[in-house]
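J.: My questions will all concern the structure given below.
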Amino acid sequence: MKVREAIHSATPALQSSDSVEKALGLLMEHHVRHLPVVNEDGRLAGIIAEERLMDADGPASSIGGLLVGRPVSVPPDAHIFDAARMMVKHDLSTVPVAGSEGQYHGLLRRHDIFDQFAQMLSTRERGAILALEVDPRDYALSKLIHVIEQNEAKVLAVASELPETSTDDIRVTLKLNVKDTSRVRHVLEHNDYHVVAAFGEEGEELEELVDEFVRYLEV
């Protein structure tokens, strides 16, 4: 999935000559904390943050004078993972998309990226989700998938979290095409994969999962 395929065209960019009042209004209207700023020639000038606007001299001030540093952006042909990395690195709610010459193409919002990840992880497909922990020395994706698919199940998507230290386990999340994972879990445990959680299995109702999540939030 390339960045250009996920550009959100409904959220506008600001002009360097726009006022602080207009910028704050657009941030509120589109429910974001950052908006790209472009020059008259359509090139990316920077990103303005809500916090920066709140420190301005007044609502009539021009936002052009509030921009500092080089503008952060991702190229249109970059992978959606690159946009997510840039967004997390700079703690952005939107990230501009710009060409090699600085020409502005549009922006991505956090939930646009989330939607793309949701599709990539097959969240709309029916099936269970397993969360595993495994020693980095024993982790091989090909072996893990082989173990599962030898037991009448298919892996629809895989996500992994690398350990923070060399002694921590790798966390792996699997989306399967089956709802009854009892056999798969037994085989995984037998092969030294620690199954820490299973979600969406047969017998679980959506209402029960929602209630459980709400109780978790209240705690």
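We name chains A, B, ... following the order of the structure tokens; residues begin at 1 in each chain, and ligands are numbered from 1 as shown.
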Run DSSP on the backbone and tell me which residues of range 92-128 of chain A come out as helix (DSSP H, G or I); list them as a PyMOL selection string.
T.: chain A and resi 110-120
J.: Mind checking which residues fall within 9 Å of Val95 in chain A, counting only C-alpha atoms, ignoring those fewer than 3 positions away in the same chain, and posting them as a list in words?
T.: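 Selected residues are His34, Leu35, Pro36, Ile47, Val72, Ser73, Val74, Ala83, Ala84, Met86, Met87, Leu92, Gly106, Leu107, Leu108, Arg109 and Arg110 of chain A.
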J.: Keeping only C-alpha atoms, write those residues as an mmCIF file, in the first residue's frame.
T.:
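See selection.cif below for the written result:
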```cif
data_model
loop_
_atom_site.group_PDB
_atom_site.id
_atom_site.type_symbol
_atom_site.label_atom_id
_atom_site.label_comp_id
_atom_site.auth_asym_id
_atom_site.auth_seq_id
_atom_site.Cartn_x
_atom_site.Cartn_y
_atom_site.Cartn_z
ATOM 1 C CA HIS A 34 -1.473 19.506 13.072
ATOM 2 C CA LEU A 35 -1.994 20.894 9.568
ATOM 3 C CA PRO A 36 0.470 21.363 6.701
ATOM 4 C CA ILE A 47 3.555 21.944 9.700
ATOM 5 C CA VAL A 72 8.441 16.884 7.771
ATOM 6 C CA SER A 73 6.819 14.879 4.965
ATOM 7 C CA VAL A 74 6.648 11.526 3.205
ATOM 8 C CA ALA A 83 4.141 7.317 6.979
ATOM 9 C CA ALA A 84 3.270 5.613 10.275
ATOM 10 C CA MET A 86 7.216 9.368 10.553
ATOM 11 C CA MET A 87 3.980 10.137 12.376
ATOM 12 C CA LEU A 92 1.924 14.069 14.558
ATOM 13 C CA GLY A 106 -2.080 16.085 0.392
ATOM 14 C CA LEU A 107 -1.984 14.612 3.865
ATOM 15 C CA LEU A 108 -2.603 11.456 5.860
ATOM 16 C CA ARG A 109 -4.440 11.401 9.174
ATOM 17 C CA ARG A 110 -3.782 8.949 11.985
#
```
J.: Tell me, which residues of range 129-187 of chain A carry DSSP strand (DSSP E), written as a PyMOL selection string?
T.: chain A and resi 129-134+155-161+170-176
J.: Would you mind listing what lies within 9 Å of Gly99 in chain A as a PyMOL selection string, with only C-alpha atoms counted and same-chain residues fewer than 2 positions away left out?
T.: chain A and resi 73-77+97+101-105
J.: Please write the residues from the selection above to a file, keeping all heavy atoms, as a short mmCIF file (atom, residue, chain, number, x, y, z; two decimals), in the first residue's frame.
T.:
```
data_model
loop_
_atom_site.label_atom_id
_atom_site.label_comp_id
_atom_site.auth_asym_id
_atom_site.auth_seq_id
_atom_site.Cartn_x
_atom_site.Cartn_y
_atom_site.Cartn_z
N SER A 73 7.76 15.41 5.95
CA SER A 73 6.82 14.88 4.96
C SER A 73 7.23 13.48 4.55
O SER A 73 8.33 13.00 4.89
CB SER A 73 6.77 15.79 3.73
OG SER A 73 7.99 15.76 3.03
N VAL A 74 6.34 12.82 3.82
CA VAL A 74 6.65 11.53 3.21
C VAL A 74 6.35 11.63 1.71
O VAL A 74 5.42 12.33 1.31
CB VAL A 74 5.83 10.37 3.82
CG1 VAL A 74 6.26 10.11 5.25
CG2 VAL A 74 4.34 10.66 3.77
N PRO A 75 7.12 10.94 0.87
CA PRO A 75 6.87 10.98 -0.57
C PRO A 75 5.64 10.15 -0.93
O PRO A 75 5.29 9.20 -0.22
CB PRO A 75 8.14 10.39 -1.18
CG PRO A 75 8.72 9.55 -0.09
CD PRO A 75 8.36 10.21 1.20
N PRO A 76 4.97 10.48 -2.03
CA PRO A 76 3.73 9.77 -2.40
C PRO A 76 3.93 8.29 -2.71
O PRO A 76 3.00 7.51 -2.58
CB PRO A 76 3.23 10.54 -3.63
CG PRO A 76 4.42 11.29 -4.13
CD PRO A 76 5.26 11.60 -2.94
N ASP A 77 5.15 7.89 -3.12
CA ASP A 77 5.39 6.49 -3.45
C ASP A 77 5.93 5.68 -2.28
O ASP A 77 6.27 4.50 -2.43
CB ASP A 77 6.36 6.39 -4.63
CG ASP A 77 5.72 6.84 -5.93
OD1 ASP A 77 4.50 6.63 -6.09
OD2 ASP A 77 6.43 7.39 -6.80
N VAL A 97 2.15 14.83 2.55
CA VAL A 97 2.72 14.06 1.46
C VAL A 97 3.26 15.07 0.44
O VAL A 97 2.53 15.93 -0.04
CB VAL A 97 1.66 13.16 0.79
CG1 VAL A 97 2.29 12.34 -0.33
CG2 VAL A 97 1.02 12.25 1.84
N GLU A 101 10.64 17.69 -4.92
CA GLU A 101 10.86 19.13 -5.05
C GLU A 101 10.01 19.92 -4.06
O GLU A 101 9.94 21.15 -4.15
CB GLU A 101 10.53 19.57 -6.48
CG GLU A 101 11.37 18.89 -7.55
CD GLU A 101 12.85 19.19 -7.39
OE1 GLU A 101 13.18 20.34 -7.01
OE2 GLU A 101 13.67 18.29 -7.63
N GLY A 102 9.36 19.24 -3.15
CA GLY A 102 8.56 19.92 -2.14
C GLY A 102 7.13 20.18 -2.53
O GLY A 102 6.37 20.79 -1.76
N GLN A 103 6.71 19.73 -3.73
CA GLN A 103 5.34 19.97 -4.17
C GLN A 103 4.37 19.20 -3.28
O GLN A 103 4.49 17.99 -3.10
CB GLN A 103 5.17 19.55 -5.62
CG GLN A 103 3.96 20.14 -6.33
CD GLN A 103 4.07 21.64 -6.54
OE1 GLN A 103 5.17 22.18 -6.54
NE2 GLN A 103 2.94 22.29 -6.71
N TYR A 104 3.38 19.91 -2.74
CA TYR A 104 2.43 19.32 -1.80
C TYR A 104 1.37 18.50 -2.53
O TYR A 104 0.78 18.96 -3.50
CB TYR A 104 1.77 20.43 -0.99
CG TYR A 104 0.73 19.95 -0.02
CD1 TYR A 104 1.10 19.26 1.14
CD2 TYR A 104 -0.63 20.19 -0.24
CE1 TYR A 104 0.15 18.82 2.04
CE2 TYR A 104 -1.58 19.76 0.66
CZ TYR A 104 -1.19 19.07 1.79
OH TYR A 104 -2.13 18.63 2.69
N HIS A 105 1.13 17.26 -2.07
CA HIS A 105 0.14 16.37 -2.68
C HIS A 105 -1.10 16.17 -1.82
O HIS A 105 -2.16 15.84 -2.33
CB HIS A 105 0.76 14.99 -2.95
CG HIS A 105 1.79 14.99 -4.03
ND1 HIS A 105 1.51 14.60 -5.33
CD2 HIS A 105 3.10 15.34 -4.03
CE1 HIS A 105 2.62 14.70 -6.06
NE2 HIS A 105 3.59 15.14 -5.30
#
```
J.: Can you list, as an NGL selection string, every protein, DNA or RNA residue that comes within 7 Å of range 127-137 of chain A when you count only C-alpha atoms, leaving out same-chain residues fewer than 5 positions away?
T.: :A and (169-179 or 193-201)
J.: Could the residues of range 33-106 of chain A that have an atom at most 12 Å from range 14-25 of chain A be listed as JSON lines, each with its closest atom pair and the distance in Å to one decimal, counting only C-alpha atoms and ordered by chain and ascending residue number?
T.:
```
{"residue": "A:Arg33", "atom": "CA", "partner": "A:Leu24", "partner_atom": "CA", "distance": 9.1}
{"residue": "A:His34", "atom": "CA", "partner": "A:Ala23", "partner_atom": "CA", "distance": 9.5}
{"residue": "A:Leu35", "atom": "CA", "partner": "A:Leu14", "partner_atom": "CA", "distance": 6.9}
{"residue": "A:Pro36", "atom": "CA", "partner": "A:Leu14", "partner_atom": "CA", "distance": 6.2}
{"residue": "A:Val37", "atom": "CA", "partner": "A:Leu14", "partner_atom": "CA", "distance": 4.6}
{"residue": "A:Val38", "atom": "CA", "partner": "A:Gln15", "partner_atom": "CA", "distance": 5.2}
{"residue": "A:Asn39", "atom": "CA", "partner": "A:Ser16", "partner_atom": "CA", "distance": 5.9}
{"residue": "A:Glu40", "atom": "CA", "partner": "A:Gln15", "partner_atom": "CA", "distance": 7.3}
{"residue": "A:Asp41", "atom": "CA", "partner": "A:Gln15", "partner_atom": "CA", "distance": 10.2}
{"residue": "A:Gly42", "atom": "CA", "partner": "A:Gln15", "partner_atom": "CA", "distance": 9.1}
{"residue": "A:Arg43", "atom": "CA", "partner": "A:Gln15", "partner_atom": "CA", "distance": 10.1}
{"residue": "A:Leu44", "atom": "CA", "partner": "A:Gln15", "partner_atom": "CA", "distance": 9.5}
{"residue": "A:Ala45", "atom": "CA", "partner": "A:Ser16", "partner_atom": "CA", "distance": 7.6}
{"residue": "A:Gly46", "atom": "CA", "partner": "A:Ser16", "partner_atom": "CA", "distance": 9.0}
{"residue": "A:Ile47", "atom": "CA", "partner": "A:Leu14", "partner_atom": "CA", "distance": 9.1}
{"residue": "A:Ile48", "atom": "CA", "partner": "A:Ala23", "partner_atom": "CA", "distance": 8.5}
{"residue": "A:Ala49", "atom": "CA", "partner": "A:Leu24", "partner_atom": "CA", "distance": 9.3}
{"residue": "A:Glu50", "atom": "CA", "partner": "A:Leu24", "partner_atom": "CA", "distance": 7.0}
{"residue": "A:Glu51", "atom": "CA", "partner": "A:Leu24", "partner_atom": "CA", "distance": 10.0}
{"residue": "A:Arg52", "atom": "CA", "partner": "A:Val20", "partner_atom": "CA", "distance": 9.6}
{"residue": "A:Leu53", "atom": "CA", "partner": "A:Val20", "partner_atom": "CA", "distance": 6.1}
{"residue": "A:Met54", "atom": "CA", "partner": "A:Val20", "partner_atom": "CA", "distance": 8.4}
{"residue": "A:Asp55", "atom": "CA", "partner": "A:Val20", "partner_atom": "CA", "distance": 9.9}
{"residue": "A:Ala56", "atom": "CA", "partner": "A:Val20", "partner_atom": "CA", "distance": 7.4}
{"residue": "A:Asp57", "atom": "CA", "partner": "A:Val20", "partner_atom": "CA", "distance": 9.1}
{"residue": "A:Gly58", "atom": "CA", "partner": "A:Val20", "partner_atom": "CA", "distance": 7.2}
{"residue": "A:Pro59", "atom": "CA", "partner": "A:Glu21", "partner_atom": "CA", "distance": 4.6}
{"residue": "A:Ala60", "atom": "CA", "partner": "A:Ser19", "partner_atom": "CA", "distance": 5.3}
{"residue": "A:Ser61", "atom": "CA", "partner": "A:Ser19", "partner_atom": "CA", "distance": 5.4}
{"residue": "A:Ser62", "atom": "CA", "partner": "A:Ser19", "partner_atom": "CA", "distance": 4.5}
{"residue": "A:Ile63", "atom": "CA", "partner": "A:Val20", "partner_atom": "CA", "distance": 5.8}
{"residue": "A:Gly64", "atom": "CA", "partner": "A:Ser16", "partner_atom": "CA", "distance": 4.3}
{"residue": "A:Gly65", "atom": "CA", "partner": "A:Ser16", "partner_atom": "CA", "distance": 8.1}
{"residue": "A:Leu66", "atom": "CA", "partner": "A:Ser16", "partner_atom": "CA", "distance": 9.3}
{"residue": "A:Leu67", "atom": "CA", "partner": "A:Ser16", "partner_atom": "CA", "distance": 8.8}
{"residue": "A:Pro96", "atom": "CA", "partner": "A:Leu14", "partner_atom": "CA", "distance": 11.5}
{"residue": "A:Tyr104", "atom": "CA", "partner": "A:Leu14", "partner_atom": "CA", "distance": 11.3}
{"residue": "A:Gly106", "atom": "CA", "partner": "A:Leu14", "partner_atom": "CA", "distance": 11.2}
```
J.: I need the residue nearest Val187 in chain A from this list: A:Asp82, A:Asp112, A:Glu125, A:Glu152. Use only C-alpha atoms for the distance.
T.: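 Counting only C-alpha atoms, the residue closest to Val187 in chain A is A:Glu152.
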J.: Set out as a Markdown table a contact list for range 29-120 of chain A and range 159-168 of chain A with a cut-off of 12 Å, giving each residue of range 29-120 of chain A that qualifies its closest atom pair and distance in Å to one decimal, counting only C-alpha atoms, ordered by chain and rising residue number.
T.:
```
| residue | atom | partner | partner_atom | distance |
| --- | --- | --- | --- | --- |
| A:Phe117 | CA | A:Ala159 | CA | 10.3 |
| A:Ala118 | CA | A:Ala159 | CA | 11.3 |
| A:Met120 | CA | A:Ala159 | CA | 10.1 |
```
J.: Rounded to one decimal place, report the CA of Leu144 in chain A-CA of Leu121 in chain A distance in Å.
T.: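 Here the two named atoms are 17.1 Å from each other.
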J.: Quick one: distance from CA of Ala10 in chain A to CA of Ile80 in chain A in Å, one decimal?
T.: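 It comes out at 18.8 Å.
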J.: So the first atom is CA of Met28 in chain A and the second is CA of Ser93 in chain A; what is the distance between them in Å, to one decimal place?
T.: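 Going from CA of Met28 in chain A over to CA of Ser93 in chain A, I get 12.6 Å.
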J.: Name all residues at most 9 Å from range 148-150 of chain A (count only C-alpha atoms; drop same-chain ones fewer than 3 positions away) and give them as number ranges by chain.
T.: A: 143-145, 153-155, 184-185, 187-188
J.: Pick the closest to Ala78 in chain A from A:Ile113, A:Leu27, A:Leu141, A:Met1: which is it, counting only C-alpha atoms?
T.: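 Comparing A:Ile113, A:Leu27, A:Leu141, A:Met1 against Ala78 in chain A, the winner is A:Met1.
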J.: Pick from A:Gln119, A:Val88, A:Thr94, A:Arg126: nearest to Pro12 in chain A, with only C-alpha atoms counted?
T.: A:Thr94
